[in-house]
Amino acid sequence: MDGVVIHSNPYHRDSWIAYNRRHGIETTEAMHQFMYGKRNDVIVRDFFGGGLTDEEVFAHGAAKEALYREMILPVVKEALVPGIREFLERNQHLPIGLATNAEPENARFTLENSGLAHLFRAVVTGQQVAHAKPHPEIYLKVSEILQVPPADCLVFEDSYSGVEAGRAAGMTVIGVRTTHPELPGTLFTIDNFLDPRLP
């Protein structure tokens, strides 16, 4: 979702900077690079160090995401990756699912406020699987819900961990260059969904 459906990474960066600063942590570029494509429990434990309980990790993640939603709300539709709505509408004859490491509230917020929710037949978030990306579990779960064999699935990914997850699931991956200029292991890369190579 983040970086594929919506170009949200600048807002995630800004919200992590603001949230971490509240707790006396200055966010480095290396920290930003680490968080791309990761689930919040992994990010929080990395940023805040060891010793946190699961409840504290969840609370930090939830508070940061509430700040993120507040920051991006005024521009959700404008922040959509160009061409995504038309691409999804054009391909409604195909089973389309969303596999995101994002928290359920972020997925609901993004899909409802963008008006895209009805275009996905399956939505699986990071909290619905035991292993987040780069583990393939989330993609395998979506393919199971859609009743499409993994080998017949096409994945769009903007992060290294997402590409790894899609490939590990036995799926073909197309890279979306919203986060990284190069995405090794992809069939090819696109800047957005206006690319003429897409159906």
# chains A, B, ... in the order shown; residues from 1 in each chain; ligands from 1
>>> residues_around(residues="region 96-104 of chain A", least_positions_apart="4", cutoff="9 Å", atoms="only C-alpha atoms", output="JSON, numbers by chain")
{"A": [1, 2, 37, 38, 39, 40, 61, 62, 65, 88, 91, 92, 108, 109, 119, 120, 121, 122, 123, 124, 125, 126, 127, 128, 132, 133, 138, 139, 141, 142, 143, 145, 146, 162]}
>>> select_by_dssp(residues="region 85-125 of chain A", states="helix (DSSP H, G or I)", output="PyMOL selection string")
chain A and resi 85-90+104-114+117-119
>>> write_last_selection(atoms="C-alpha atoms", output="PDB file, in the first residue's frame")
ATOM      1  CA  ARG A  85      -7.173   4.389  -9.561  1.00  0.00           C
ATOM      2  CA  GLU A  86      -7.492   3.970 -13.323  1.00  0.00           C
ATOM      3  CA  PHE A  87      -5.265   0.862 -13.280  1.00  0.00           C
ATOM      4  CA  LEU A  88      -7.388  -0.791 -10.586  1.00  0.00           C
ATOM      5  CA  GLU A  89     -10.645   0.133 -12.307  1.00  0.00           C
ATOM      6  CA  ARG A  90      -9.378  -1.095 -15.693  1.00  0.00           C
ATOM      7  CA  PRO A 104      -5.136  -2.256   9.995  1.00  0.00           C
ATOM      8  CA  GLU A 105      -6.265   1.267  10.886  1.00  0.00           C
ATOM      9  CA  ASN A 106      -3.894   2.751   8.291  1.00  0.00           C
ATOM     10  CA  ALA A 107      -5.166   0.387   5.611  1.00  0.00           C
ATOM     11  CA  ARG A 108      -8.792   1.209   6.424  1.00  0.00           C
ATOM     12  CA  PHE A 109      -8.023   4.942   6.592  1.00  0.00           C
ATOM     13  CA  THR A 110      -6.192   4.990   3.256  1.00  0.00           C
ATOM     14  CA  LEU A 111      -8.672   2.870   1.316  1.00  0.00           C
ATOM     15  CA  GLU A 112     -11.750   4.660   2.655  1.00  0.00           C
ATOM     16  CA  ASN A 113     -10.402   8.211   2.307  1.00  0.00           C
ATOM     17  CA  SER A 114      -9.048   7.547  -1.179  1.00  0.00           C
ATOM     18  CA  ALA A 117     -11.681   0.235  -0.897  1.00  0.00           C
ATOM     19  CA  HIS A 118     -14.226  -1.336  -3.272  1.00  0.00           C
ATOM     20  CA  LEU A 119     -11.510  -2.111  -5.827  1.00  0.00           C
TER      21      LEU A 119
END
>>> residues_around(residues="Pro74 (chain A)", least_positions_apart="3", cutoff="12 Å", atoms="only C-alpha atoms", output="NGL selection string")
:A and (11 or 68-71 or 77-79 or 110 or 113-114)
>>> closest_residue(among="A:Ile190, A:Met31, A:Leu140, A:Val155", to="Ala169 (chain A)", atoms="only C-alpha atoms")
A:Leu140
>>> residues_around(residues="Thr27 (chain A)", least_positions_apart="4", cutoff="8 Å", atoms="only C-alpha atoms", output="list in words")
Trp16, Ile17, Asn20, Arg21, Met31 and His32 of chain A
>>> write_last_selection(atoms="C-alpha atoms", output="PDB file, in the first residue's frame")
ATOM      1  CA  TRP A  16       8.563   9.434  12.592  1.00  0.00           C
ATOM      2  CA  ILE A  17      10.774  12.522  12.967  1.00  0.00           C
ATOM      3  CA  ASN A  20      10.769  10.224  17.826  1.00  0.00           C
ATOM      4  CA  ARG A  21      11.644  13.803  18.802  1.00  0.00           C
ATOM      5  CA  MET A  31      16.633   4.959  10.276  1.00  0.00           C
ATOM      6  CA  HIS A  32      14.359   6.152   7.475  1.00  0.00           C
TER       7      HIS A  32
END
>>> closest_residue(among="A:Pro181, A:Pro136, A:Gly175, A:Gly3", to="Leu80 (chain A)", atoms="only C-alpha atoms")
A:Gly3
>>> residues_around(residues="Arg177 (chain A)", least_positions_apart="2", cutoff="10 Å", atoms="only C-alpha atoms", output="number ranges by chain")
A: 3-4, 157-159, 174-175, 179-183, 189-192
>>> write_last_selection(atoms="N, CA and C atoms", output="compact mmCIF listing (two decimals), in the first residue's frame")
# COMPACT_ATOMS: atom_id res chain seq x y z
N GLY A 3 3.66 3.51 -0.79
CA GLY A 3 4.65 3.52 -1.86
C GLY A 3 4.17 2.88 -3.15
N VAL A 4 3.03 2.18 -3.11
CA VAL A 4 2.47 1.55 -4.31
C VAL A 4 1.11 2.15 -4.62
N GLU A 157 5.66 -3.75 -5.94
CA GLU A 157 6.36 -3.44 -4.69
C GLU A 157 7.32 -2.27 -4.86
N ASP A 158 7.45 -1.48 -3.78
CA ASP A 158 8.38 -0.35 -3.79
C ASP A 158 9.56 -0.55 -2.85
N SER A 159 9.52 -1.59 -2.01
CA SER A 159 10.57 -1.78 -1.00
C SER A 159 11.36 -3.05 -1.24
N ILE A 174 6.84 -6.61 -10.00
CA ILE A 174 7.13 -5.38 -10.74
C ILE A 174 7.46 -4.31 -9.71
N GLY A 175 8.55 -3.62 -9.90
CA GLY A 175 8.98 -2.60 -8.95
C GLY A 175 8.34 -1.25 -9.24
N THR A 179 10.13 4.72 -3.83
CA THR A 179 10.97 4.69 -2.63
C THR A 179 12.43 4.51 -2.96
N HIS A 180 12.73 3.60 -3.88
CA HIS A 180 14.11 3.32 -4.28
C HIS A 180 14.25 3.42 -5.79
N PRO A 181 15.36 3.97 -6.28
CA PRO A 181 15.53 4.11 -7.74
C PRO A 181 15.73 2.78 -8.44
N GLU A 182 16.26 1.79 -7.75
CA GLU A 182 16.47 0.47 -8.32
C GLU A 182 15.90 -0.59 -7.39
N LEU A 183 15.27 -1.61 -7.95
CA LEU A 183 14.70 -2.70 -7.16
C LEU A 183 15.12 -4.03 -7.78
N THR A 189 10.71 -2.20 -13.72
CA THR A 189 10.28 -1.18 -12.77
C THR A 189 9.51 -0.08 -13.49
N ILE A 190 8.61 0.56 -12.75
CA ILE A 190 7.79 1.65 -13.28
C ILE A 190 7.88 2.84 -12.33
N ASP A 191 7.67 4.03 -12.86
CA ASP A 191 7.61 5.22 -12.00
C ASP A 191 6.24 5.32 -11.35
N ASN A 192 5.20 4.91 -12.10
CA ASN A 192 3.83 4.97 -11.61
C ASN A 192 2.96 4.11 -12.52
>>> atom_distance(atom1="CA of Thr186 (chain A)", atom2="CA of Ala130 (chain A)")
25.2 Å
>>> closest_residue(among="A:Val129, A:Leu154, A:Ala63, A:Val176", to="Arg22 (chain A)", atoms="only C-alpha atoms")
A:Ala63
>>> atom_distance(atom1="CA of Leu194 (chain A)", atom2="CA of Arg167 (chain A)")
23.9 Å
>>> select_by_dssp(residues="region 104-193 of chain A", states="strand (DSSP E or B)", output="number ranges by chain")
A: 122-125, 154-157, 172-176, 189-190
>>> closest_residue(among="A:Val5, A:Gln33, A:Asp41, A:Leu198", to="Glu55 (chain A)", atoms="only C-alpha atoms")
A:Asp41
